[in-house]
Amino acid sequence: MTMQKLKSTNFIAKKITLVTTALILLALTACGGAGTTNSEDNAEQNVDNTSQPDTDTTTPPVDTPNTDDTSPPPDTDSSSAFIIESYAPQDGANERSLATEITINFNKPIIASTLSENKFSLSANGTNVAFTFTSENSSAISLAPNALLSPNTTYTVAINNGLMSEDGDEFDASAWSFTTTGNLGATAQSTIDLCMSEDDIDMLDAVNNVRATGYVCASGSKPATTPLIWSCVIAEAADRHSNDMASNNFHSHTGSDGSNHAQRMVEAGFPSNRASGENIAAGYTTVSAAMEAWLSSPTGHCDNIMNANYTDFGSSRVIAPAGTTTYGTYWTQNFGRP
């Protein structure tokens, strides 16, 4: 029999075992920010009563590795006297941030009268995307989309004929494409590259897709809300706890060292006395299975996922060596607002 489990605490653990029809026992736990309450069932909720939720629920302003973000597009004639010297994102780049800004650097200054916004375009599926055009100098251009790009979408950047360098060379029309990542909100490319795995991308994508449409939690209907962004600091706290549970074969919001989720987040570098929450689960082997369990839980987990006060997020999945723990796979989600 494979064992899995569901839990929820208010800094007081209450454990109830749930046996599925396939004789699988599932483990799941939630702990939320100020205002959540405890109830006894198949889930466990831990409420951080020291949280100080902020009334401003807007997402703060604003990442998969790229081997070369500066090479010219394949259709740019590198032997031409007037060429693109560097640019980003590169042609064929994948998992680009939804907050991507296109930057283009030419090798020569451009005559001002030939340099205008209508010489450039950004489009997806045949539809032009509005952007703010900036020329920091006569050879460096940026195109900043006016809204977040759509997830998992291929965009094409095009430069039309008509640009002329100050020494009289004309630029040949050029175009290239890149593809965005999943629904990571305004998570910066630098963050994606620095500390996000495929698991992390899939988890935040799943969370933000639910937040985008709203959800009927056990506590009531939750309206659509703003997407979360990934925090390397919060993810560090989540990873610490998942590793602790996997290494020491337990499933609880209280760490083996007696820490709670808020303490772990602060020790990772998150500001103290801020609204924060945590969901944990054990035994579920995929992001979708863990998310389904949290969303269908009778207590706190769904509320944490849909909490409009949270803006930042981090999660972790740790798989213990086969046969060394009760549940095998251990998940932690942490939420907060800096």
# chains A, B, ... in the order shown; residues from 1 in each chain; ligands from 1

$ select_by_dssp --residues "segment 223-318 of chain A" --states "helix (DSSP H, G or I)" --output "ChimeraX atom specification"
/A:232-248,261-268,287-296,301-306

$ residues_around --residues "His241 of chain A" --least-positions-apart "6" --cutoff "10 Å" --atoms "only C-alpha atoms" --output "list of chain:residue names"
A:Ala235, A:Ser247, A:His251, A:Ser252, A:His253, A:Thr254, A:Gly255, A:Ser256, A:Ser259, A:Asn260, A:His261, A:Arg264, A:Ile280, A:Ser315, A:Ser316, A:Arg317, A:Val318, A:Tyr330, A:Trp331, A:Thr332, A:Gln333

$ write_last_selection --atoms "N, CA, C and O atoms" --output "PDB file, in the first residue's frame"
ATOM      1  N   ALA A 235      11.352  30.803  -2.346  1.00  0.00           N
ATOM      2  CA  ALA A 235      11.612  29.439  -2.819  1.00  0.00           C
ATOM      3  C   ALA A 235      12.684  28.760  -1.975  1.00  0.00           C
ATOM      4  O   ALA A 235      12.628  27.546  -1.742  1.00  0.00           O
ATOM      5  N   SER A 247      14.141  14.405   4.399  1.00  0.00           N
ATOM      6  CA  SER A 247      15.318  13.864   5.095  1.00  0.00           C
ATOM      7  C   SER A 247      14.967  13.243   6.430  1.00  0.00           C
ATOM      8  O   SER A 247      15.621  12.289   6.883  1.00  0.00           O
ATOM      9  N   HIS A 251       5.697  14.955   8.097  1.00  0.00           N
ATOM     10  CA  HIS A 251       4.842  15.829   7.291  1.00  0.00           C
ATOM     11  C   HIS A 251       4.133  16.788   8.234  1.00  0.00           C
ATOM     12  O   HIS A 251       3.155  16.449   8.881  1.00  0.00           O
ATOM     13  N   SER A 252       4.671  17.982   8.365  1.00  0.00           N
ATOM     14  CA  SER A 252       4.142  18.966   9.301  1.00  0.00           C
ATOM     15  C   SER A 252       4.643  20.344   8.907  1.00  0.00           C
ATOM     16  O   SER A 252       5.694  20.479   8.277  1.00  0.00           O
ATOM     17  N   HIS A 253       3.911  21.390   9.317  1.00  0.00           N
ATOM     18  CA  HIS A 253       4.390  22.748   9.109  1.00  0.00           C
ATOM     19  C   HIS A 253       5.550  23.075  10.044  1.00  0.00           C
ATOM     20  O   HIS A 253       6.337  23.977   9.752  1.00  0.00           O
ATOM     21  N   THR A 254       5.636  22.383  11.156  1.00  0.00           N
ATOM     22  CA  THR A 254       6.728  22.611  12.103  1.00  0.00           C
ATOM     23  C   THR A 254       7.949  21.825  11.661  1.00  0.00           C
ATOM     24  O   THR A 254       7.894  20.603  11.503  1.00  0.00           O
ATOM     25  N   GLY A 255       9.055  22.528  11.441  1.00  0.00           N
ATOM     26  CA  GLY A 255      10.272  21.875  10.989  1.00  0.00           C
ATOM     27  C   GLY A 255      10.901  21.025  12.074  1.00  0.00           C
ATOM     28  O   GLY A 255      10.542  21.121  13.258  1.00  0.00           O
ATOM     29  N   SER A 256      11.844  20.190  11.699  1.00  0.00           N
ATOM     30  CA  SER A 256      12.534  19.337  12.674  1.00  0.00           C
ATOM     31  C   SER A 256      13.290  20.163  13.704  1.00  0.00           C
ATOM     32  O   SER A 256      13.604  19.678  14.796  1.00  0.00           O
ATOM     33  N   SER A 259      11.022  25.222  13.752  1.00  0.00           N
ATOM     34  CA  SER A 259      10.668  26.451  13.028  1.00  0.00           C
ATOM     35  C   SER A 259       9.286  26.360  12.402  1.00  0.00           C
ATOM     36  O   SER A 259       8.797  25.275  12.068  1.00  0.00           O
ATOM     37  N   ASN A 260       8.634  27.533  12.248  1.00  0.00           N
ATOM     38  CA  ASN A 260       7.398  27.596  11.468  1.00  0.00           C
ATOM     39  C   ASN A 260       7.706  28.265  10.128  1.00  0.00           C
ATOM     40  O   ASN A 260       8.818  28.750   9.893  1.00  0.00           O
ATOM     41  N   HIS A 261       6.704  28.326   9.236  1.00  0.00           N
ATOM     42  CA  HIS A 261       6.976  28.812   7.882  1.00  0.00           C
ATOM     43  C   HIS A 261       7.436  30.264   7.864  1.00  0.00           C
ATOM     44  O   HIS A 261       8.313  30.636   7.084  1.00  0.00           O
ATOM     45  N   ARG A 264      11.075  30.479   8.781  1.00  0.00           N
ATOM     46  CA  ARG A 264      11.941  29.997   7.693  1.00  0.00           C
ATOM     47  C   ARG A 264      12.051  31.038   6.579  1.00  0.00           C
ATOM     48  O   ARG A 264      13.126  31.228   5.992  1.00  0.00           O
ATOM     49  N   ILE A 280       1.579  22.523   2.336  1.00  0.00           N
ATOM     50  CA  ILE A 280       2.478  21.395   2.143  1.00  0.00           C
ATOM     51  C   ILE A 280       1.666  20.171   1.729  1.00  0.00           C
ATOM     52  O   ILE A 280       0.464  20.097   1.958  1.00  0.00           O
ATOM     53  N   SER A 315       8.082  27.683  -4.373  1.00  0.00           N
ATOM     54  CA  SER A 315       7.667  26.323  -4.030  1.00  0.00           C
ATOM     55  C   SER A 315       8.827  25.363  -4.228  1.00  0.00           C
ATOM     56  O   SER A 315       9.855  25.712  -4.799  1.00  0.00           O
ATOM     57  N   SER A 316       8.641  24.130  -3.747  1.00  0.00           N
ATOM     58  CA  SER A 316       9.696  23.130  -3.867  1.00  0.00           C
ATOM     59  C   SER A 316       9.094  21.738  -3.821  1.00  0.00           C
ATOM     60  O   SER A 316       8.151  21.474  -3.066  1.00  0.00           O
ATOM     61  N   ARG A 317       9.637  20.840  -4.644  1.00  0.00           N
ATOM     62  CA  ARG A 317       9.328  19.412  -4.563  1.00  0.00           C
ATOM     63  C   ARG A 317      10.634  18.670  -4.325  1.00  0.00           C
ATOM     64  O   ARG A 317      11.610  18.875  -5.043  1.00  0.00           O
ATOM     65  N   VAL A 318      10.656  17.815  -3.310  1.00  0.00           N
ATOM     66  CA  VAL A 318      11.834  16.994  -3.018  1.00  0.00           C
ATOM     67  C   VAL A 318      11.407  15.532  -2.994  1.00  0.00           C
ATOM     68  O   VAL A 318      10.408  15.175  -2.348  1.00  0.00           O
ATOM     69  N   TYR A 330       7.715  15.182  -1.336  1.00  0.00           N
ATOM     70  CA  TYR A 330       7.315  16.209  -0.373  1.00  0.00           C
ATOM     71  C   TYR A 330       7.282  17.583  -1.047  1.00  0.00           C
ATOM     72  O   TYR A 330       8.244  18.004  -1.684  1.00  0.00           O
ATOM     73  N   TRP A 331       6.149  18.265  -0.900  1.00  0.00           N
ATOM     74  CA  TRP A 331       5.913  19.552  -1.546  1.00  0.00           C
ATOM     75  C   TRP A 331       5.729  20.658  -0.514  1.00  0.00           C
ATOM     76  O   TRP A 331       5.116  20.451   0.527  1.00  0.00           O
ATOM     77  N   THR A 332       6.229  21.857  -0.833  1.00  0.00           N
ATOM     78  CA  THR A 332       5.971  23.055  -0.025  1.00  0.00           C
ATOM     79  C   THR A 332       5.679  24.219  -0.961  1.00  0.00           C
ATOM     80  O   THR A 332       6.397  24.447  -1.928  1.00  0.00           O
ATOM     81  N   GLN A 333       4.601  24.935  -0.676  1.00  0.00           N
ATOM     82  CA  GLN A 333       4.307  26.218  -1.322  1.00  0.00           C
ATOM     83  C   GLN A 333       4.371  27.291  -0.246  1.00  0.00           C
ATOM     84  O   GLN A 333       3.789  27.138   0.819  1.00  0.00           O
TER      85      GLN A 333
END

$ select_by_dssp --residues "segment 230-312 of chain A" --states "strand (DSSP E)" --output "PyMOL selection string"
chain A and resi 230+276-282+312

$ write_last_selection --atoms "N, CA and C atoms" --output "PDB file, in the first residue's frame"
ATOM      1  N   TRP A 230       7.555  34.956  -8.996  1.00  0.00           N
ATOM      2  CA  TRP A 230       8.447  34.030  -8.290  1.00  0.00           C
ATOM      3  C   TRP A 230       9.465  34.809  -7.469  1.00  0.00           C
ATOM      4  N   SER A 276       2.021  36.082   5.259  1.00  0.00           N
ATOM      5  CA  SER A 276       2.658  34.940   4.616  1.00  0.00           C
ATOM      6  C   SER A 276       1.813  33.703   4.838  1.00  0.00           C
ATOM      7  N   GLY A 277       2.023  32.693   4.020  1.00  0.00           N
ATOM      8  CA  GLY A 277       1.260  31.464   4.147  1.00  0.00           C
ATOM      9  C   GLY A 277       2.038  30.286   3.594  1.00  0.00           C
ATOM     10  N   GLU A 278       1.568  29.094   3.882  1.00  0.00           N
ATOM     11  CA  GLU A 278       2.250  27.882   3.438  1.00  0.00           C
ATOM     12  C   GLU A 278       1.254  26.758   3.192  1.00  0.00           C
ATOM     13  N   ASN A 279       1.449  26.034   2.108  1.00  0.00           N
ATOM     14  CA  ASN A 279       0.775  24.767   1.847  1.00  0.00           C
ATOM     15  C   ASN A 279       1.842  23.691   1.766  1.00  0.00           C
ATOM     16  N   ILE A 280       1.579  22.523   2.336  1.00  0.00           N
ATOM     17  CA  ILE A 280       2.478  21.395   2.143  1.00  0.00           C
ATOM     18  C   ILE A 280       1.666  20.171   1.729  1.00  0.00           C
ATOM     19  N   ALA A 281       2.326  19.245   1.083  1.00  0.00           N
ATOM     20  CA  ALA A 281       1.686  18.007   0.654  1.00  0.00           C
ATOM     21  C   ALA A 281       2.746  16.919   0.569  1.00  0.00           C
ATOM     22  N   ALA A 282       2.319  15.680   0.652  1.00  0.00           N
ATOM     23  CA  ALA A 282       3.253  14.559   0.542  1.00  0.00           C
ATOM     24  C   ALA A 282       2.587  13.398  -0.174  1.00  0.00           C
ATOM     25  N   ASP A 312       3.977  37.468  -3.923  1.00  0.00           N
ATOM     26  CA  ASP A 312       5.199  36.715  -4.209  1.00  0.00           C
ATOM     27  C   ASP A 312       5.028  35.251  -3.810  1.00  0.00           C
TER      28      ASP A 312
END

$ residues_around --residues "Thr100 of chain A" --least-positions-apart "5" --cutoff "12 Å" --atoms "only C-alpha atoms" --output "JSON, numbers by chain"
{"A": [62, 63, 88, 89, 90, 93, 94, 95, 122, 131, 142, 143, 144, 145, 146, 147, 148, 149, 150, 151, 155, 178, 179, 180, 181, 184, 185, 186, 187, 188, 189, 190, 192]}

$ atom_distance --atom1 "atom CA of Ile104 of chain A" --atom2 "atom CA of Ser123 of chain A"
16.3 Å

$ closest_residue --among "A:Asn248, A:Ser174, A:Val233, A:Leu115" --to "Pro321 of chain A" --atoms "only C-alpha atoms"
A:Asn248
